[in-house]
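> Following this line is coords_5.pdb, made up of PDB, C-alpha atoms:
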ATOM      1  CA  MET A   1      14.914  23.012  -6.858
ATOM      2  CA  THR A   2      12.831  26.122  -6.304
ATOM      3  CA  PRO A   3       9.322  26.032  -7.736
ATOM      4  CA  PRO A   4       8.085  28.837  -9.991
ATOM      5  CA  PRO A   5       6.298  31.684  -8.153
ATOM      6  CA  GLY A   6       2.847  30.681  -6.952
ATOM      7  CA  GLN A   7       3.489  26.946  -7.191
ATOM      8  CA  SER A   8       3.846  24.653  -4.195
ATOM      9  CA  THR A   9       6.083  21.595  -3.916
ATOM     10  CA  SER A  10       5.130  20.752  -0.338
ATOM     11  CA  SER A  11       5.277  17.157   0.769
ATOM     12  CA  THR A  12       1.471  17.204   1.070
ATOM     13  CA  ALA A  13       1.041  18.429  -2.509
ATOM     14  CA  ALA A  14       3.505  15.793  -3.731
ATOM     15  CA  ALA A  15       1.700  13.011  -1.803
ATOM     16  CA  VAL A  16      -1.721  14.091  -3.126
ATOM     17  CA  GLY A  17      -0.347  14.338  -6.664
ATOM     18  CA  ALA A  18       1.155  10.856  -6.414
ATOM     19  CA  GLN A  19      -2.175   9.445  -5.207
ATOM     20  CA  ILE A  20      -4.107  11.101  -8.043
ATOM     21  CA  ARG A  21      -1.690   9.708 -10.639
ATOM     22  CA  ARG A  22      -1.574   6.253  -9.003
ATOM     23  CA  ARG A  23      -5.360   5.935  -8.784
ATOM     24  CA  ARG A  24      -5.791   7.190 -12.380
ATOM     25  CA  GLU A  25      -3.239   4.657 -13.659
ATOM     26  CA  GLN A  26      -4.809   1.820 -11.629
ATOM     27  CA  ARG A  27      -8.046   2.502 -13.467
ATOM     28  CA  GLY A  28      -6.346   2.662 -16.878
ATOM     29  CA  MET A  29      -7.545   6.237 -17.347
ATOM     30  CA  SER A  30      -5.703   8.817 -19.403
ATOM     31  CA  GLY A  31      -5.030  12.259 -17.968
ATOM     32  CA  SER A  32      -7.405  13.715 -20.541
ATOM     33  CA  GLU A  33     -10.205  11.369 -19.471
ATOM     34  CA  LEU A  34      -9.782  12.101 -15.763
ATOM     35  CA  ALA A  35      -9.615  15.855 -16.409
ATOM     36  CA  ARG A  36     -12.817  15.659 -18.468
ATOM     37  CA  ARG A  37     -14.672  13.593 -15.852
ATOM     38  CA  ALA A  38     -13.574  15.936 -13.039
ATOM     39  CA  GLY A  39     -14.303  19.130 -14.988
ATOM     40  CA  LEU A  40     -10.664  20.278 -14.935
ATOM     41  CA  SER A  41      -8.265  21.360 -17.622
ATOM     42  CA  LYS A  42      -5.535  18.897 -18.611
ATOM     43  CA  ALA A  43      -2.951  21.498 -17.543
ATOM     44  CA  THR A  44      -4.478  21.745 -14.045
ATOM     45  CA  LEU A  45      -4.517  17.966 -13.655
ATOM     46  CA  SER A  46      -0.912  17.752 -14.870
ATOM     47  CA  GLN A  47       0.172  20.365 -12.314
ATOM     48  CA  LEU A  48      -1.659  18.542  -9.508
ATOM     49  CA  GLU A  49      -0.164  15.163 -10.427
ATOM     50  CA  ALA A  50       3.284  16.781 -10.481
ATOM     51  CA  GLY A  51       2.763  17.995  -6.894
ATOM     52  CA  ARG A  52       2.550  21.643  -7.876
ATOM     53  CA  GLY A  53      -0.506  23.652  -7.038
ATOM     54  CA  ASN A  54      -2.900  24.181  -4.201
ATOM     55  CA  PRO A  55      -6.167  22.396  -5.002
ATOM     56  CA  THR A  56      -9.377  23.297  -3.249
ATOM     57  CA  ILE A  57     -11.446  20.693  -1.441
ATOM     58  CA  GLU A  58     -13.959  21.012  -4.278
ATOM     59  CA  THR A  59     -11.270  20.129  -6.840
ATOM     60  CA  LEU A  60     -10.104  17.125  -4.814
ATOM     61  CA  ASP A  61     -13.721  16.043  -4.320
ATOM     62  CA  ALA A  62     -14.351  16.250  -8.085
ATOM     63  CA  LEU A  63     -11.264  14.102  -8.699
ATOM     64  CA  ALA A  64     -12.305  11.563  -6.060
ATOM     65  CA  ILE A  65     -15.779  11.287  -7.604
ATOM     66  CA  ALA A  66     -14.299  10.886 -11.091
ATOM     67  CA  LEU A  67     -11.977   8.166  -9.761
ATOM     68  CA  ARG A  68     -14.825   6.562  -7.760
ATOM     69  CA  ILE A  69     -12.905   6.627  -4.484
ATOM     70  CA  PRO A  70     -13.435   8.332  -1.125
ATOM     71  CA  LEU A  71     -11.884  11.788  -0.858
ATOM     72  CA  THR A  72      -9.696  10.559   2.011
ATOM     73  CA  ASP A  73      -7.929   8.143  -0.371
ATOM     74  CA  LEU A  74      -6.372  11.161  -2.096
ATOM     75  CA  LEU A  75      -5.103  12.534   1.197
ATOM     76  CA  THR A  76      -3.165   9.482   2.367
ATOM     77  CA  ARG A  77       0.630   9.692   2.317
ATOM     78  CA  ASP A  78       1.129   5.948   2.025
ATOM     79  CA  THR A  79       1.827   5.758  -1.699
ATOM     80  CA  GLU A  80       4.768   3.372  -1.585
ATOM     81  CA  PRO A  81       3.794  -0.331  -1.596
ATOM     82  CA  GLY A  82       6.881  -1.193   0.370
ATOM     83  CA  PRO A  83       8.465  -3.141   1.510
ATOM     84  CA  VAL A  84       7.340  -1.621   4.802
ATOM     85  CA  PHE A  85       8.742  -3.338   7.894
ATOM     86  CA  VAL A  86       7.229  -2.802  11.351
ATOM     87  CA  PRO A  87       9.155  -4.646  14.065
ATOM     88  CA  GLY A  88       7.312  -6.327  16.892
ATOM     89  CA  THR A  89       7.311  -4.501  20.223
ATOM     90  CA  GLU A  90       7.562  -5.700  23.798
ATOM     91  CA  LEU A  91       5.019  -4.933  26.515
ATOM     92  CA  ALA A  92       5.995  -4.083  30.054
ATOM     93  CA  GLY A  93       4.296  -6.095  32.777
ATOM     94  CA  ASP A  94       0.553  -6.617  32.451
ATOM     95  CA  GLU A  95      -0.167  -3.654  30.199
ATOM     96  CA  VAL A  96      -2.505  -3.928  27.220
ATOM     97  CA  GLY A  97      -0.877  -3.073  23.921
ATOM     98  CA  ARG A  98      -2.794  -1.544  21.049
ATOM     99  CA  GLU A  99      -0.828  -0.420  17.984
ATOM    100  CA  LEU A 100      -1.847   0.716  14.511
ATOM    101  CA  LEU A 101       0.369  -1.449  12.320
ATOM    102  CA  ARG A 102      -0.785  -0.407   8.853
ATOM    103  CA  ARG A 103      -3.640   1.612   7.350
ATOM    104  CA  ILE A 104      -5.097   0.230   4.124
ATOM    105  CA  SER A 105      -7.135   2.754   2.172
ATOM    106  CA  SER A 106     -10.475   1.885   0.684
ATOM    107  CA  GLY A 107     -10.763   1.073  -2.975
ATOM    108  CA  HIS A 108      -9.264  -2.350  -2.228
ATOM    109  CA  SER A 109     -10.576  -5.864  -1.961
ATOM    110  CA  LEU A 110      -9.162  -7.465   1.184
ATOM    111  CA  GLU A 111      -8.509 -11.136   1.806
ATOM    112  CA  ILE A 112      -7.283 -12.378   5.185
ATOM    113  CA  TRP A 113      -5.415 -15.678   5.222
ATOM    114  CA  ARG A 114      -3.771 -17.768   7.901
ATOM    115  CA  LEU A 115      -0.504 -19.286   6.713
ATOM    116  CA  ARG A 116       1.011 -22.117   8.769
ATOM    117  CA  MET A 117       4.328 -23.450   7.559
ATOM    118  CA  PRO A 118       6.359 -26.309   9.033
ATOM    119  CA  ALA A 119      10.072 -25.900   9.737
ATOM    120  CA  ARG A 120      12.480 -25.921   6.773
ATOM    121  CA  THR A 121       9.827 -25.185   4.148
ATOM    122  CA  GLU A 122       9.934 -22.779   1.201
ATOM    123  CA  LEU A 123       6.941 -21.525  -0.755
ATOM    124  CA  ALA A 124       7.145 -19.373  -3.883
ATOM    125  CA  GLY A 125       4.535 -16.620  -3.968
ATOM    126  CA  VAL A 126       2.783 -16.224  -7.304
ATOM    127  CA  PRO A 127       2.549 -12.539  -8.331
ATOM    128  CA  HIS A 128      -0.945 -11.120  -7.878
ATOM    129  CA  ALA A 129      -2.724  -8.412  -9.894
ATOM    130  CA  THR A 130      -0.962  -5.081 -10.444
ATOM    131  CA  GLY A 131      -1.206  -2.839  -7.390
ATOM    132  CA  THR A 132      -1.711  -5.684  -4.908
ATOM    133  CA  VAL A 133       0.028  -5.315  -1.532
ATOM    134  CA  GLU A 134       0.609  -8.227   0.852
ATOM    135  CA  HIS A 135       0.808  -7.689   4.619
ATOM    136  CA  LEU A 136       2.338 -10.410   6.789
ATOM    137  CA  LEU A 137       1.946 -10.428  10.573
ATOM    138  CA  VAL A 138       3.916 -13.182  12.296
ATOM    139  CA  ALA A 139       2.091 -14.736  15.266
ATOM    140  CA  THR A 140       4.672 -17.397  16.130
ATOM    141  CA  GLY A 141       7.949 -18.658  14.751
ATOM    142  CA  ARG A 142      10.404 -17.186  12.269
ATOM    143  CA  LEU A 143       9.825 -16.510   8.592
ATOM    144  CA  THR A 144      11.981 -15.081   5.825
ATOM    145  CA  ALA A 145       9.584 -13.455   3.383
ATOM    146  CA  GLY A 146       8.989 -10.673   0.920
ATOM    147  CA  PRO A 147      10.181  -9.779  -2.578
ATOM    148  CA  THR A 148      12.392 -12.526  -4.023
ATOM    149  CA  ASP A 149      15.256 -10.069  -4.491
ATOM    150  CA  SER A 150      15.086  -8.635  -0.947
ATOM    151  CA  PRO A 151      13.393 -10.979   1.573
ATOM    152  CA  ARG A 152      13.436 -10.107   5.246
ATOM    153  CA  LEU A 153      13.663 -12.222   8.396
ATOM    154  CA  LEU A 154      10.524 -11.816  10.517
ATOM    155  CA  THR A 155       9.886 -13.011  14.063
ATOM    156  CA  ALA A 156       6.755 -13.043  16.246
ATOM    157  CA  GLY A 157       5.074  -9.635  16.274
ATOM    158  CA  ASP A 158       6.782  -8.348  13.112
ATOM    159  CA  LEU A 159       4.765  -6.950  10.207
ATOM    160  CA  LEU A 160       5.973  -6.727   6.612
ATOM    161  CA  ALA A 161       4.066  -5.119   3.725
ATOM    162  CA  PHE A 162       5.339  -5.453   0.171
ATOM    163  CA  ALA A 163       4.221  -5.311  -3.453
ATOM    164  CA  GLY A 164       2.482  -8.612  -4.086
ATOM    165  CA  ASP A 165       2.445  -8.086  -7.842
ATOM    166  CA  ALA A 166       6.096  -9.192  -8.134
ATOM    167  CA  PRO A 167       7.717 -12.564  -7.361
ATOM    168  CA  HIS A 168       7.973 -13.197  -3.617
ATOM    169  CA  ILE A 169       8.861 -15.998  -1.201
ATOM    170  CA  TYR A 170       8.052 -17.423   2.215
ATOM    171  CA  ARG A 171      10.694 -19.588   3.931
ATOM    172  CA  THR A 172      10.994 -21.038   7.428
ATOM    173  CA  ASP A 173      14.213 -22.092   9.125
ATOM    174  CA  ASP A 174      14.347 -24.546  12.047
ATOM    175  CA  GLU A 175      11.047 -23.251  13.482
ATOM    176  CA  PRO A 176       7.532 -23.506  12.083
ATOM    177  CA  ALA A 177       5.659 -20.229  11.550
ATOM    178  CA  ASP A 178       2.058 -19.102  11.992
ATOM    179  CA  VAL A 179       1.357 -15.956   9.970
ATOM    180  CA  THR A 180      -1.668 -13.794   9.192
ATOM    181  CA  VAL A 181      -1.590 -12.655   5.560
ATOM    182  CA  VAL A 182      -3.750  -9.746   4.390
ATOM    183  CA  ILE A 183      -3.882  -9.296   0.630
ATOM    184  CA  ALA A 184      -5.120  -5.873  -0.523
ATOM    185  CA  SER A 185      -5.955  -5.806  -4.243
ATOM    186  CA  PRO A 186      -7.233  -2.731  -6.095
ATOM    187  CA  ILE A 187     -10.868  -2.923  -7.096
ATOM    188  CA  VAL A 188     -11.068  -2.546 -10.844
ATOM    189  CA  SER A 189     -14.017  -0.441 -11.896
TER
END
Kindly transcribe the structure held in the file into structure tokens.

Amino acid sequence: MTPPPGQSTSSTAAAVGAQIRRRREQRGMSGSELARRAGLSKATLSQLEAGRGNPTIETLDALAIALRIPLTDLLTRDTEPGPVFVPGTELAGDEVGRELLRRISSGHSLEIWRLRMPARTELAGVPHATGTVEHLLVATGRLTAGPTDSPRLLTAGDLLAFAGDAPHIYRTDDEPADVTVVIASPIVS
């Protein structure tokens, strides 16, 4: 679909628009309220949320202030809560490995848990608050985990991020598992 003259539908504009809408909805704010707080017209905000337009840094800064988030939170492309699967990697020889596995934007409360499950155990995950994302990093063993309708088998070194606000499971097979769980919940203001 070709945008009207003078309007952008770049992937950057779409990602920024999705973040603006997501953050507004997380705060239970109407479009009118956010536009008023940021000093924008409702039409301008609507265009930005739709991924059309070319906002200035000043406009994005006004939106970030109105949403009470850092400006950089509007510029992140990671708008999908997942599931996001990052397979473990092997190291050659004695090299040191350092990998960014997942960036979690600010505006979240983080909890870090260690989950140790014996072999042949299943645990039902209770849905957390809306917008919560769980990140699992398997240290040892094997674990089938994630959304109840689409769990994934994880082995040592694998990372899985998924929406924690829906039913989810953790299940071991014939091996126990040691897993780091990071729960990122939106801060309600």
> Could you state which residues are captured by the PyMOL selection byres ((chain A and resi 155) around 12) in this file, as a VMD selection string?
chain A and resid 85 to 89 136 to 145 152 to 154 156 to 160 172 to 173 175 to 179
> Enter the distance from atom CA of A:Ile112 to atom CA of A:Pro186, in Å, rounded to one decimal.
14.8 Å
> Could you tell me which residues the PyMOL selection byres ((chain A and resi 114) around 6) returns for this structure, as a PyMOL selection string?
chain A and resi 113+115+179-180
> Can you tell me how far atom CA of A:Leu110 sits from atom CA of A:Ile183, in Å to one decimal?
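Going from atom CA of A:Leu110 over to atom CA of A:Ile183, I get 5.6 Å.
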> Kindly indicate which residue among A:Ile20, A:Ala124, A:Leu67, A:Leu34 lies nearest to A:Leu48, using all atoms listed in the file for the distances.
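Nearest candidate to A:Leu48 out of A:Ile20, A:Ala124, A:Leu67, A:Leu34: A:Ile20.
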> Going by the chain IDs and residue numbers used in this file, which residues fall under the PyMOL selection byres ((chain A and resi 57) around 12)? Write them as a PyMOL selection string.
chain A and resi 16+54-56+58-64+71-72+74-75
> I need the residue nearest A:Leu40 from this list: A:Ala66, A:Val181, A:Ala15, A:Ala92. Use all atoms listed in the file for the distance.
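That would be A:Ala66, the residue with the smallest distance to A:Leu40.
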> Counting only C-alpha atoms, which residue out of A:Gly93, A:Pro167, A:Gly131, A:Gly39 sits closest to A:Glu25?
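For A:Glu25, the nearest of the candidates is A:Gly131.
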> Could you jot down the atom CA of A:Val133 to atom CA of A:Leu45 separation for me, Å, one decimal place?
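It comes out at 26.6 Å.
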> Please identify all polymer residues lying at most 9 Å from the point (2.6, -20.0, -4.3) (file coordinates), using all atoms listed in the file, and present the result as a list in words.
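With a cut-off of 9 Å, the residues come to Leu123, Ala124, Gly125, Val126, Pro127, His168, Ile169 and Tyr170 of chain A.
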> Which residue, A:Ala13, A:Ile187, A:Ala18, A:Met117, has the smallest gap to A:Gly53 when you use only C-alpha atoms?
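For A:Gly53, the nearest of the given residues is A:Ala13.
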> For A:Glu111, which residue out of A:Ala161, A:Val182, A:Gly17, A:Ser32 is the nearest one, using only C-alpha atoms?
A:Val182
> Neighbourhood query: residues within 7 Å of (4.5, -6.6, -5.0), file coordinates, counting only C-alpha atoms; return as a list in words.
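Answer for this query, in the requested form: Thr132, Val133, Pro147, Phe162, Ala163, Gly164, Asp165 and Ala166 of chain A.
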> Hey, could you patch up stretch 120-131 of chain A with all heavy atoms and hand it over as a PDB file, in the coordinates of the input?

ATOM      1  N   ARG A 120      11.711 -25.609   7.978  1.00  0.00           N
ATOM      2  CA  ARG A 120      12.480 -25.921   6.773  1.00  0.00           C
ATOM      3  C   ARG A 120      11.609 -26.109   5.531  1.00  0.00           C
ATOM      4  O   ARG A 120      11.738 -27.084   4.790  1.00  0.00           O
ATOM      5  CB  ARG A 120      13.374 -27.131   7.009  1.00  0.00           C
ATOM      6  CG  ARG A 120      14.446 -26.877   8.061  1.00  0.00           C
ATOM      7  CD  ARG A 120      15.241 -28.101   8.427  1.00  0.00           C
ATOM      8  NE  ARG A 120      14.478 -29.178   9.064  1.00  0.00           N
ATOM      9  CZ  ARG A 120      14.034 -29.165  10.311  1.00  0.00           C
ATOM     10  NH1 ARG A 120      14.274 -28.140  11.088  1.00  0.00           N
ATOM     11  NH2 ARG A 120      13.351 -30.178  10.800  1.00  0.00           N
ATOM     12  N   THR A 121      10.729 -25.146   5.301  1.00  0.00           N
ATOM     13  CA  THR A 121       9.827 -25.185   4.148  1.00  0.00           C
ATOM     14  C   THR A 121       9.955 -23.881   3.366  1.00  0.00           C
ATOM     15  O   THR A 121      10.096 -22.814   3.963  1.00  0.00           O
ATOM     16  CB  THR A 121       8.355 -25.330   4.612  1.00  0.00           C
ATOM     17  OG1 THR A 121       8.245 -26.498   5.420  1.00  0.00           O
ATOM     18  CG2 THR A 121       7.404 -25.423   3.448  1.00  0.00           C
ATOM     19  N   GLU A 122       9.908 -23.977   2.046  1.00  0.00           N
ATOM     20  CA  GLU A 122       9.934 -22.779   1.201  1.00  0.00           C
ATOM     21  C   GLU A 122       8.737 -22.813   0.260  1.00  0.00           C
ATOM     22  O   GLU A 122       8.391 -23.865  -0.282  1.00  0.00           O
ATOM     23  CB  GLU A 122      11.226 -22.678   0.392  1.00  0.00           C
ATOM     24  CG  GLU A 122      11.284 -21.402  -0.423  1.00  0.00           C
ATOM     25  CD  GLU A 122      12.651 -21.079  -0.974  1.00  0.00           C
ATOM     26  OE1 GLU A 122      13.662 -21.395  -0.305  1.00  0.00           O
ATOM     27  OE2 GLU A 122      12.709 -20.503  -2.074  1.00  0.00           O
ATOM     28  N   LEU A 123       8.110 -21.659   0.097  1.00  0.00           N
ATOM     29  CA  LEU A 123       6.941 -21.525  -0.755  1.00  0.00           C
ATOM     30  C   LEU A 123       7.154 -20.314  -1.647  1.00  0.00           C
ATOM     31  O   LEU A 123       7.456 -19.222  -1.151  1.00  0.00           O
ATOM     32  CB  LEU A 123       5.692 -21.339   0.125  1.00  0.00           C
ATOM     33  CG  LEU A 123       4.361 -21.077  -0.542  1.00  0.00           C
ATOM     34  CD1 LEU A 123       3.918 -22.308  -1.342  1.00  0.00           C
ATOM     35  CD2 LEU A 123       3.312 -20.755   0.517  1.00  0.00           C
ATOM     36  N   ALA A 124       7.021 -20.496  -2.947  1.00  0.00           N
ATOM     37  CA  ALA A 124       7.145 -19.373  -3.883  1.00  0.00           C
ATOM     38  C   ALA A 124       5.784 -18.701  -4.001  1.00  0.00           C
ATOM     39  O   ALA A 124       4.769 -19.364  -4.217  1.00  0.00           O
ATOM     40  CB  ALA A 124       7.603 -19.870  -5.241  1.00  0.00           C
ATOM     41  N   GLY A 125       5.770 -17.379  -3.832  1.00  0.00           N
ATOM     42  CA  GLY A 125       4.535 -16.620  -3.968  1.00  0.00           C
ATOM     43  C   GLY A 125       4.307 -16.250  -5.421  1.00  0.00           C
ATOM     44  O   GLY A 125       5.181 -15.697  -6.073  1.00  0.00           O
ATOM     45  N   VAL A 126       3.133 -16.568  -5.930  1.00  0.00           N
ATOM     46  CA  VAL A 126       2.783 -16.224  -7.304  1.00  0.00           C
ATOM     47  C   VAL A 126       2.371 -14.754  -7.332  1.00  0.00           C
ATOM     48  O   VAL A 126       1.564 -14.322  -6.496  1.00  0.00           O
ATOM     49  CB  VAL A 126       1.617 -17.116  -7.793  1.00  0.00           C
ATOM     50  CG1 VAL A 126       1.188 -16.743  -9.187  1.00  0.00           C
ATOM     51  CG2 VAL A 126       2.008 -18.579  -7.718  1.00  0.00           C
ATOM     52  N   PRO A 127       2.930 -13.956  -8.265  1.00  0.00           N
ATOM     53  CA  PRO A 127       2.549 -12.539  -8.331  1.00  0.00           C
ATOM     54  C   PRO A 127       1.034 -12.373  -8.528  1.00  0.00           C
ATOM     55  O   PRO A 127       0.423 -13.093  -9.312  1.00  0.00           O
ATOM     56  CB  PRO A 127       3.323 -12.019  -9.539  1.00  0.00           C
ATOM     57  CG  PRO A 127       4.493 -12.937  -9.667  1.00  0.00           C
ATOM     58  CD  PRO A 127       3.977 -14.285  -9.241  1.00  0.00           C
ATOM     59  N   HIS A 128       0.479 -11.426  -7.791  1.00  0.00           N
ATOM     60  CA  HIS A 128      -0.945 -11.120  -7.878  1.00  0.00           C
ATOM     61  C   HIS A 128      -1.165 -10.002  -8.897  1.00  0.00           C
ATOM     62  O   HIS A 128      -0.230  -9.561  -9.560  1.00  0.00           O
ATOM     63  CB  HIS A 128      -1.458 -10.672  -6.503  1.00  0.00           C
ATOM     64  CG  HIS A 128      -1.216 -11.678  -5.427  1.00  0.00           C
ATOM     65  ND1 HIS A 128      -1.955 -12.825  -5.297  1.00  0.00           N
ATOM     66  CD2 HIS A 128      -0.300 -11.712  -4.424  1.00  0.00           C
ATOM     67  CE1 HIS A 128      -1.514 -13.525  -4.261  1.00  0.00           C
ATOM     68  NE2 HIS A 128      -0.511 -12.871  -3.714  1.00  0.00           N
ATOM     69  N   ALA A 129      -2.385  -9.495  -8.971  1.00  0.00           N
ATOM     70  CA  ALA A 129      -2.724  -8.412  -9.894  1.00  0.00           C
ATOM     71  C   ALA A 129      -1.912  -7.158  -9.583  1.00  0.00           C
ATOM     72  O   ALA A 129      -1.498  -6.931  -8.437  1.00  0.00           O
ATOM     73  CB  ALA A 129      -4.217  -8.098  -9.784  1.00  0.00           C
ATOM     74  N   THR A 130      -1.699  -6.332 -10.596  1.00  0.00           N
ATOM     75  CA  THR A 130      -0.962  -5.081 -10.444  1.00  0.00           C
ATOM     76  C   THR A 130      -1.585  -4.232  -9.343  1.00  0.00           C
ATOM     77  O   THR A 130      -2.793  -4.077  -9.276  1.00  0.00           O
ATOM     78  CB  THR A 130      -0.968  -4.296 -11.772  1.00  0.00           C
ATOM     79  OG1 THR A 130      -0.361  -5.113 -12.771  1.00  0.00           O
ATOM     80  CG2 THR A 130      -0.219  -2.990 -11.656  1.00  0.00           C
ATOM     81  N   GLY A 131      -0.738  -3.694  -8.476  1.00  0.00           N
ATOM     82  CA  GLY A 131      -1.206  -2.839  -7.390  1.00  0.00           C
ATOM     83  C   GLY A 131      -1.530  -3.581  -6.105  1.00  0.00           C
ATOM     84  O   GLY A 131      -1.868  -2.960  -5.099  1.00  0.00           O
TER      85      GLY A 131
END
